[in-house]
$ cat coords19.cif   # mmCIF, C-alpha atoms and all ligand atoms
data_model
#
loop_
_atom_site.label_atom_id
_atom_site.label_comp_id
_atom_site.auth_asym_id
_atom_site.auth_seq_id
_atom_site.Cartn_x
_atom_site.Cartn_y
_atom_site.Cartn_z
CA MET A 1 129.89 108.01 95.50
CA ASP A 2 132.60 106.54 97.75
CA PRO A 3 132.27 102.70 97.71
CA ASN A 4 132.79 102.60 101.50
CA ILE A 5 129.78 104.83 101.98
CA LEU A 6 127.65 102.73 99.66
CA ALA A 7 128.75 99.55 101.47
CA THR A 8 127.86 101.07 104.86
CA VAL A 9 124.43 102.10 103.59
CA ARG A 10 123.93 98.62 102.13
CA ASP A 11 124.85 97.02 105.47
CA PHE A 12 122.32 99.23 107.21
CA ALA A 13 119.62 98.29 104.70
CA ALA A 14 120.33 94.59 105.30
CA SER A 15 119.83 95.07 109.06
CA GLU A 16 116.49 95.21 110.86
CA ALA A 17 116.97 98.76 112.13
CA PRO A 18 114.65 101.64 111.27
CA LEU A 19 115.42 104.47 108.86
CA VAL A 20 114.44 107.97 109.95
CA VAL A 21 114.56 110.68 107.28
CA LEU A 22 114.64 114.28 108.48
CA SER A 23 113.95 116.83 105.71
CA GLY A 24 114.02 120.60 105.50
CA ALA A 25 113.68 123.49 103.10
CA GLY A 26 116.55 122.42 100.84
CA ILE A 27 114.60 119.51 99.38
CA SER A 28 111.72 121.84 98.47
CA ALA A 29 114.09 124.47 97.11
CA GLU A 30 115.03 121.93 94.43
CA SER A 31 111.36 122.04 93.38
CA GLY A 32 111.56 125.82 93.11
CA ILE A 33 109.92 126.65 96.43
CA PRO A 34 111.77 129.51 98.14
CA THR A 35 112.40 129.32 101.88
CA PHE A 36 110.12 132.35 102.40
CA ARG A 37 112.62 133.56 104.98
CA GLY A 38 114.24 135.69 102.28
CA PRO A 39 112.76 138.43 100.05
CA GLU A 40 110.10 136.05 98.69
CA GLY A 41 108.50 136.01 102.12
CA TYR A 42 108.36 139.78 102.61
CA TRP A 43 104.91 141.32 102.65
CA THR A 44 103.75 144.91 102.45
CA VAL A 45 100.73 146.28 104.29
CA GLY A 46 100.15 149.94 103.48
CA SER A 47 103.62 151.47 103.64
CA ARG A 48 105.07 148.90 106.05
CA HIS A 49 107.15 145.92 105.05
CA TYR A 50 106.87 142.80 107.16
CA ARG A 51 109.36 140.00 107.48
CA PRO A 52 108.17 136.36 107.50
CA GLU A 53 109.07 136.17 111.20
CA GLU A 54 106.45 138.89 111.75
CA MET A 55 103.80 137.56 109.34
CA ALA A 56 103.89 133.94 110.48
CA THR A 57 102.82 134.64 114.05
CA LEU A 58 99.73 134.18 116.14
CA GLY A 59 100.12 137.82 117.18
CA MET A 60 99.82 139.02 113.58
CA PHE A 61 96.93 136.66 112.91
CA ARG A 62 95.03 138.02 115.93
CA SER A 63 95.52 141.63 114.87
CA ASN A 64 95.20 141.18 111.10
CA PRO A 65 93.88 137.77 110.03
CA GLU A 66 93.08 138.91 106.49
CA GLU A 67 96.67 139.95 105.74
CA VAL A 68 98.01 136.72 107.19
CA TRP A 69 95.56 134.73 105.07
CA ARG A 70 96.46 136.69 101.93
CA TRP A 71 100.14 136.01 102.60
CA TYR A 72 99.47 132.28 103.09
CA LEU A 73 97.27 132.06 100.01
CA ARG A 74 100.13 133.60 98.03
CA ARG A 75 102.58 131.06 99.50
CA LEU A 76 100.13 128.26 98.82
CA ALA A 77 99.89 129.32 95.17
CA VAL A 78 103.69 128.93 94.92
CA CYS A 79 103.63 125.53 96.65
CA ARG A 80 100.77 124.18 94.54
CA GLY A 81 102.59 125.33 91.41
CA ALA A 82 105.64 123.23 92.35
CA GLU A 83 106.12 119.53 91.69
CA PRO A 84 107.89 116.89 93.81
CA ASN A 85 111.43 116.25 92.56
CA ALA A 86 113.75 113.24 92.31
CA ALA A 87 114.65 113.54 96.01
CA HIS A 88 110.98 113.41 97.07
CA ARG A 89 110.49 110.38 94.84
CA ALA A 90 113.54 108.65 96.33
CA VAL A 91 112.11 109.19 99.82
CA VAL A 92 108.82 107.62 98.68
CA ASP A 93 110.76 104.61 97.35
CA MET A 94 112.60 104.36 100.68
CA GLU A 95 109.24 104.15 102.47
CA ARG A 96 108.12 101.41 100.06
CA LEU A 97 111.41 99.55 100.56
CA PHE A 98 111.46 99.74 104.36
CA GLY A 99 107.74 99.76 105.20
CA ASP A 100 107.30 99.92 108.97
CA ARG A 101 111.05 100.46 109.35
CA PHE A 102 110.57 103.91 107.77
CA LEU A 103 109.68 107.26 109.27
CA LEU A 104 109.84 110.72 107.72
CA ILE A 105 110.07 113.84 109.88
CA THR A 106 109.77 117.02 107.81
CA GLN A 107 110.02 120.70 108.62
CA ASN A 108 108.42 121.54 105.28
CA VAL A 109 104.84 122.80 105.24
CA ASP A 110 104.37 122.60 101.46
CA GLY A 111 102.96 119.05 101.46
CA LEU A 112 105.26 117.89 98.64
CA HIS A 113 106.29 114.70 100.46
CA LEU A 114 102.65 113.59 100.69
CA ARG A 115 101.98 114.63 97.11
CA ALA A 116 104.98 112.54 96.05
CA GLY A 117 103.44 109.52 97.76
CA ASN A 118 104.72 109.26 101.34
CA THR A 119 101.92 108.13 103.65
CA PRO A 120 100.46 110.43 106.34
CA GLY A 121 100.91 107.71 108.98
CA ARG A 122 104.67 107.59 108.50
CA THR A 123 105.15 111.33 107.84
CA TYR A 124 105.45 113.68 110.81
CA GLN A 125 104.98 117.26 109.60
CA ILE A 126 106.45 119.01 112.62
CA HIS A 127 105.68 122.50 111.32
CA GLY A 128 102.27 121.59 109.85
CA ASN A 129 100.99 121.70 106.27
CA ILE A 130 99.63 124.82 104.58
CA ASN A 131 97.15 122.79 102.56
CA PHE A 132 95.19 122.27 105.80
CA VAL A 133 93.33 124.50 108.24
CA ARG A 134 91.92 124.29 111.73
CA CYS A 135 89.87 126.49 114.06
CA ALA A 136 91.76 129.54 115.31
CA GLY A 137 89.52 129.57 118.38
CA PRO A 138 89.52 127.10 121.24
CA CYS A 139 86.71 124.88 119.91
CA SER A 140 88.72 121.94 118.55
CA ASN A 141 92.00 120.75 117.03
CA ASP A 142 90.28 119.10 114.07
CA ILE A 143 92.40 119.50 110.95
CA TYR A 144 90.76 119.65 107.52
CA PRO A 145 91.78 120.57 103.97
CA LEU A 146 91.63 124.20 102.92
CA PRO A 147 88.22 124.51 101.22
CA ALA A 148 88.67 124.20 97.46
CA SER A 149 86.56 127.29 96.88
CA VAL A 150 89.17 129.57 98.48
CA GLU A 151 91.08 131.34 95.73
CA LEU A 152 94.86 131.33 95.76
CA LYS A 153 96.31 134.84 95.44
CA GLU A 154 98.70 136.96 93.51
CA LYS A 155 100.46 139.57 95.61
CA ASP A 156 97.92 142.39 95.47
CA GLU A 157 94.65 140.48 95.54
CA PRO A 158 92.29 140.96 98.50
CA LEU A 159 90.15 138.26 100.04
CA SER A 160 86.71 138.00 98.49
CA ASP A 161 83.52 137.71 100.53
CA ALA A 162 83.38 134.06 99.44
CA ASP A 163 86.95 133.55 100.74
CA ARG A 164 86.04 135.15 104.07
CA ALA A 165 83.02 132.88 104.40
CA ALA A 166 85.01 129.75 103.49
CA LEU A 167 87.85 130.59 105.89
CA ARG A 168 85.60 130.09 108.92
CA CYS A 169 85.55 127.21 111.36
CA ARG A 170 82.67 124.94 110.43
CA ALA A 171 81.82 124.29 114.07
CA CYS A 172 81.92 127.71 115.75
CA GLY A 173 82.23 130.34 113.00
CA ALA A 174 85.55 131.73 114.25
CA TRP A 175 88.37 132.27 111.74
CA ALA A 176 90.01 129.14 110.46
CA ARG A 177 93.79 129.37 110.47
CA PRO A 178 96.53 127.71 108.46
CA HIS A 179 97.62 124.44 110.07
CA VAL A 180 101.19 125.59 110.59
CA LEU A 181 103.42 126.20 113.58
CA TRP A 182 104.01 129.93 113.93
CA PHE A 183 107.14 131.65 115.19
CA ASP A 184 105.49 132.64 118.47
CA GLU A 185 104.05 129.16 119.13
CA SER A 186 105.45 125.99 120.70
CA TYR A 187 105.75 122.49 119.37
CA ASP A 188 102.88 120.25 120.29
CA GLU A 189 102.28 116.50 120.14
CA GLU A 190 98.63 116.39 119.12
CA LEU A 191 99.01 118.90 116.29
CA TYR A 192 102.60 118.36 115.18
CA ARG A 193 103.80 115.01 116.62
CA PHE A 194 106.48 116.75 118.67
CA ASN A 195 107.06 114.03 121.28
CA SER A 196 106.85 111.30 118.66
CA SER A 197 109.49 113.10 116.61
CA ILE A 198 111.82 113.30 119.61
CA GLU A 199 111.30 109.63 120.46
CA ALA A 200 111.66 108.22 116.93
CA PRO A 201 115.42 108.70 116.46
CA ALA A 202 116.23 106.79 119.66
CA GLY A 203 115.61 103.47 117.90
CA ALA A 204 116.86 104.43 114.45
CA GLY A 205 119.67 102.57 112.72
CA MET A 206 120.16 105.40 110.28
CA LEU A 207 119.19 109.06 110.36
CA LEU A 208 119.21 110.60 106.89
CA ILE A 209 119.22 114.39 107.13
CA VAL A 210 118.25 116.15 103.90
CA GLY A 211 118.27 119.85 103.12
CA THR A 212 118.07 121.19 106.63
CA SER A 213 120.61 123.58 108.10
CA GLY A 214 119.93 122.74 111.72
CA ALA A 215 118.87 126.30 112.40
CA THR A 216 116.02 125.29 114.66
CA ASN A 217 116.07 123.40 117.88
CA LEU A 218 114.08 120.25 117.19
CA PRO A 219 116.17 118.95 114.26
CA MET A 220 119.36 119.40 116.32
CA GLN A 221 117.76 117.45 119.18
CA ILE A 222 116.77 114.68 116.79
CA GLY A 223 120.30 114.55 115.40
CA SER A 224 121.90 114.47 118.85
CA ILE A 225 119.62 111.72 120.10
CA ALA A 226 120.21 109.55 117.04
CA ALA A 227 123.98 110.09 117.23
CA GLY A 228 123.98 109.34 120.96
CA GLN A 229 122.20 106.04 120.31
CA GLY A 230 124.74 104.97 117.72
CA ALA A 231 122.66 105.54 114.59
CA LEU A 232 124.43 106.04 111.29
CA LEU A 233 124.06 109.75 110.49
CA VAL A 234 124.09 110.81 106.86
CA ASP A 235 123.82 114.52 106.08
CA VAL A 236 122.91 115.50 102.50
CA ASN A 237 123.20 119.18 101.73
CA PRO A 238 124.91 121.45 99.17
CA ASP A 239 126.92 123.09 101.99
CA ARG A 240 128.35 122.02 105.31
CA ASN A 241 126.10 122.73 108.31
CA PRO A 242 125.95 121.74 112.00
CA PHE A 243 124.80 118.22 111.05
CA SER A 244 127.89 117.62 108.90
CA ALA A 245 130.29 117.62 111.84
CA MET A 246 127.79 115.76 114.01
CA ALA A 247 127.55 113.03 111.36
CA GLU A 248 131.32 112.75 110.93
CA ARG A 249 131.90 112.55 114.70
CA ALA A 250 129.38 109.69 114.81
CA ASN A 251 131.17 107.74 112.04
CA GLY A 252 128.58 108.94 109.56
CA PHE A 253 128.91 110.99 106.41
CA PHE A 254 128.39 114.44 104.99
CA LEU A 255 127.42 114.10 101.31
CA ALA A 256 127.75 117.44 99.52
CA GLY A 257 125.32 117.87 96.68
CA ALA A 258 121.76 118.27 95.53
CA ALA A 259 119.29 115.95 97.25
CA GLY A 260 117.82 115.12 93.84
CA THR A 261 121.17 113.61 92.84
CA VAL A 262 122.42 112.10 96.10
CA LEU A 263 119.21 110.45 97.35
CA PRO A 264 118.63 108.29 94.26
CA SER A 265 122.23 106.99 94.66
CA LEU A 266 121.62 106.17 98.33
CA LEU A 267 118.36 104.45 97.40
CA GLU A 268 120.21 102.36 94.84
CA ALA A 269 122.69 101.25 97.52
CA MET A 270 119.82 100.42 99.90
CA ARG A 271 118.16 98.25 97.28
CA ARG A 272 121.17 96.10 96.56
CA ASP A 273 121.27 92.75 98.30
CA GLY A 274 124.44 91.63 100.08
ZN ZN B 301 85.85 126.62 115.88
#

$ encode --input "coords19.cif" --output "structure tokens" --more "lines below"
Ligand SMILES: [Zn+2]
Amino acid sequence: MDPNILATVRDFAASEAPLVVLSGAGISAESGIPTFRGPEGYWTVGSRHYRPEEMATLGMFRSNPEEVWRWYLRRLAVCRGAEPNAAHRAVVDMERLFGDRFLLITQNVDGLHLRAGNTPGRTYQIHGNINFVRCAGPCSNDIYPLPASVELKEKDEPLSDADRAALRCRACGAWARPHVLWFDESYDEELYRFNSSIEAPAGAGMLLIVGTSGATNLPMQIGSIAAGQGALLVDVNPDRNPFSAMAERANGFFLAGAAGTVLPSLLEAMRRDG
């Protein structure tokens, strides 16, 4: 890596300023988890094929909760079968290095950052986490782990009676739902730390953007705010994306490559004294 970049990262690490890491699907793709926006996310009910943008909606859940649950239990089987990679581990080491100067904002719902060792208190999962459920009715916003008795699915498996019973809200008996933000829903502070995620980059000294294309609104807002406040923007991605130009305009860097390769190098620079 360019010595100037490493020196800049080292200078940041020697400062008192916070590090905000913003991660997206690319970091999970390196663990073998597909984005689910492509063919892996398609789902067939009868003779109809549904796109992820149709399956991952409150509207679909209201009309066909069993199909939405089967689809999520299939996705969950893929996520649970994956392991955190070198990039996830580097982000854990960054949290250990920076402590309260560290915050992770992730768009990923697979839970790999937490499995790798990042702490829930410093990890804002702005799209939720499919390992957790909450009541689909109005009774409460309590979030709890998916009951262990629920069986993960292959593509053609139906829900069992035991699954149906376990996928109920403990308090009111309504359906439990995956704790994820759906396409026809809005960001929310209590459930997804939306306001906190907008406010965090204002005080950041460095915003490290990993594996996100900037396709959705909130990451772009976070990037703009951090750039506007003079944070060092570093964009790590195999391909250029809207953050690359934003970073370069703000005297930051676009680092082309796999997160599993680039992040350990950045971590090494952060660790070096003087
Ligand atoms: Zn309930």

$ closest_atom_pairs --input "coords19.cif" --of "chain A" --to "ligand ZN 301 (chain B)" --cutoff "9 Å" --atoms "all atoms listed in the file" --output "tab-separated table"
residue	atom	partner	partner_atom	distance
A:Arg134	CA	B:ZN301	ZN	7.7
A:Cys135	CA	B:ZN301	ZN	4.4
A:Ala136	CA	B:ZN301	ZN	6.6
A:Gly137	CA	B:ZN301	ZN	5.3
A:Pro138	CA	B:ZN301	ZN	6.5
A:Cys139	CA	B:ZN301	ZN	4.5
A:Ser140	CA	B:ZN301	ZN	6.1
A:Asn141	CA	B:ZN301	ZN	8.6
A:Asp142	CA	B:ZN301	ZN	8.9
A:Arg168	CA	B:ZN301	ZN	7.8
A:Cys169	CA	B:ZN301	ZN	4.6
A:Arg170	CA	B:ZN301	ZN	6.5
A:Ala171	CA	B:ZN301	ZN	5.0
A:Cys172	CA	B:ZN301	ZN	4.1
A:Gly173	CA	B:ZN301	ZN	5.9
A:Ala174	CA	B:ZN301	ZN	5.4
A:Trp175	CA	B:ZN301	ZN	7.4
A:Ala176	CA	B:ZN301	ZN	7.3

$ residues_around --input "coords19.cif" --residues "Tyr42 (chain A)" --least-positions-apart "6" --cutoff "7 Å" --atoms "all atoms listed in the file" --output "ChimeraX atom specification"
/A:49-52

$ atom_distance --input "coords19.cif" --atom1 "CA of Val109 (chain A)" --atom2 "CA of Glu54 (chain A)"
17.4 Å

$ residues_near_point --input "coords19.cif" --point "(81.4, 131.8, 101.8)" --cutoff "12 Å" --atoms "only C-alpha atoms" --output "PyMOL selection string"
chain A and resi 147-151+159-170+173

$ residues_around --input "coords19.cif" --residues "Met94 (chain A)" --least-positions-apart "3" --cutoff "10 Å" --atoms "only C-alpha atoms" --output "list in words"
Leu19, Val21, His88, Arg89, Ala90, Val91, Leu97, Phe98, Gly99, Arg101, Phe102, Leu103, Leu104, Asn118, Leu263, Pro264, Leu266, Leu267, Glu268, Met270 and Arg271 of chain A

$ atom_distance --input "coords19.cif" --atom1 "CA of Gln229 (chain A)" --atom2 "CA of Ser196 (chain A)"
16.3 Å

$ residues_around --input "coords19.cif" --residues "Pro242 (chain A)" --least-positions-apart "2" --cutoff "9 Å" --atoms "all atoms listed in the file" --output "VMD selection string"
chain A and resid 213 to 215 220 240 244 to 247

$ residues_around --input "coords19.cif" --residues "Gly260 (chain A)" --least-positions-apart "2" --cutoff "12 Å" --atoms "only C-alpha atoms" --output "PDB file with C-alpha atoms, keeping the file's coordinate frame"
ATOM      1  CA  GLY A  26     116.550 122.420 100.840  1.00  0.00           C
ATOM      2  CA  ILE A  27     114.600 119.510  99.380  1.00  0.00           C
ATOM      3  CA  SER A  28     111.720 121.840  98.470  1.00  0.00           C
ATOM      4  CA  ALA A  29     114.090 124.470  97.110  1.00  0.00           C
ATOM      5  CA  GLU A  30     115.030 121.930  94.430  1.00  0.00           C
ATOM      6  CA  SER A  31     111.360 122.040  93.380  1.00  0.00           C
ATOM      7  CA  PRO A  84     107.890 116.890  93.810  1.00  0.00           C
ATOM      8  CA  ASN A  85     111.430 116.250  92.560  1.00  0.00           C
ATOM      9  CA  ALA A  86     113.750 113.240  92.310  1.00  0.00           C
ATOM     10  CA  ALA A  87     114.650 113.540  96.010  1.00  0.00           C
ATOM     11  CA  HIS A  88     110.980 113.410  97.070  1.00  0.00           C
ATOM     12  CA  ARG A  89     110.490 110.380  94.840  1.00  0.00           C
ATOM     13  CA  ALA A  90     113.540 108.650  96.330  1.00  0.00           C
ATOM     14  CA  VAL A  91     112.110 109.190  99.820  1.00  0.00           C
ATOM     15  CA  VAL A 210     118.250 116.150 103.900  1.00  0.00           C
ATOM     16  CA  GLY A 211     118.270 119.850 103.120  1.00  0.00           C
ATOM     17  CA  VAL A 236     122.910 115.500 102.500  1.00  0.00           C
ATOM     18  CA  ASN A 237     123.200 119.180 101.730  1.00  0.00           C
ATOM     19  CA  PRO A 238     124.910 121.450  99.170  1.00  0.00           C
ATOM     20  CA  ALA A 256     127.750 117.440  99.520  1.00  0.00           C
ATOM     21  CA  GLY A 257     125.320 117.870  96.680  1.00  0.00           C
ATOM     22  CA  ALA A 258     121.760 118.270  95.530  1.00  0.00           C
ATOM     23  CA  VAL A 262     122.420 112.100  96.100  1.00  0.00           C
ATOM     24  CA  LEU A 263     119.210 110.450  97.350  1.00  0.00           C
ATOM     25  CA  PRO A 264     118.630 108.290  94.260  1.00  0.00           C
ATOM     26  CA  SER A 265     122.230 106.990  94.660  1.00  0.00           C
ATOM     27  CA  LEU A 266     121.620 106.170  98.330  1.00  0.00           C
ATOM     28  CA  LEU A 267     118.360 104.450  97.400  1.00  0.00           C
TER      29      LEU A 267
END

$ atom_distance --input "coords19.cif" --atom1 "CA of Leu233 (chain A)" --atom2 "CA of Ala82 (chain A)"
29.2 Å

$ residues_around --input "coords19.cif" --residues "Arg80 (chain A)" --least-positions-apart "6" --cutoff "9 Å" --atoms "all atoms listed in the file" --output "number ranges by chain"
A: 110-112, 131
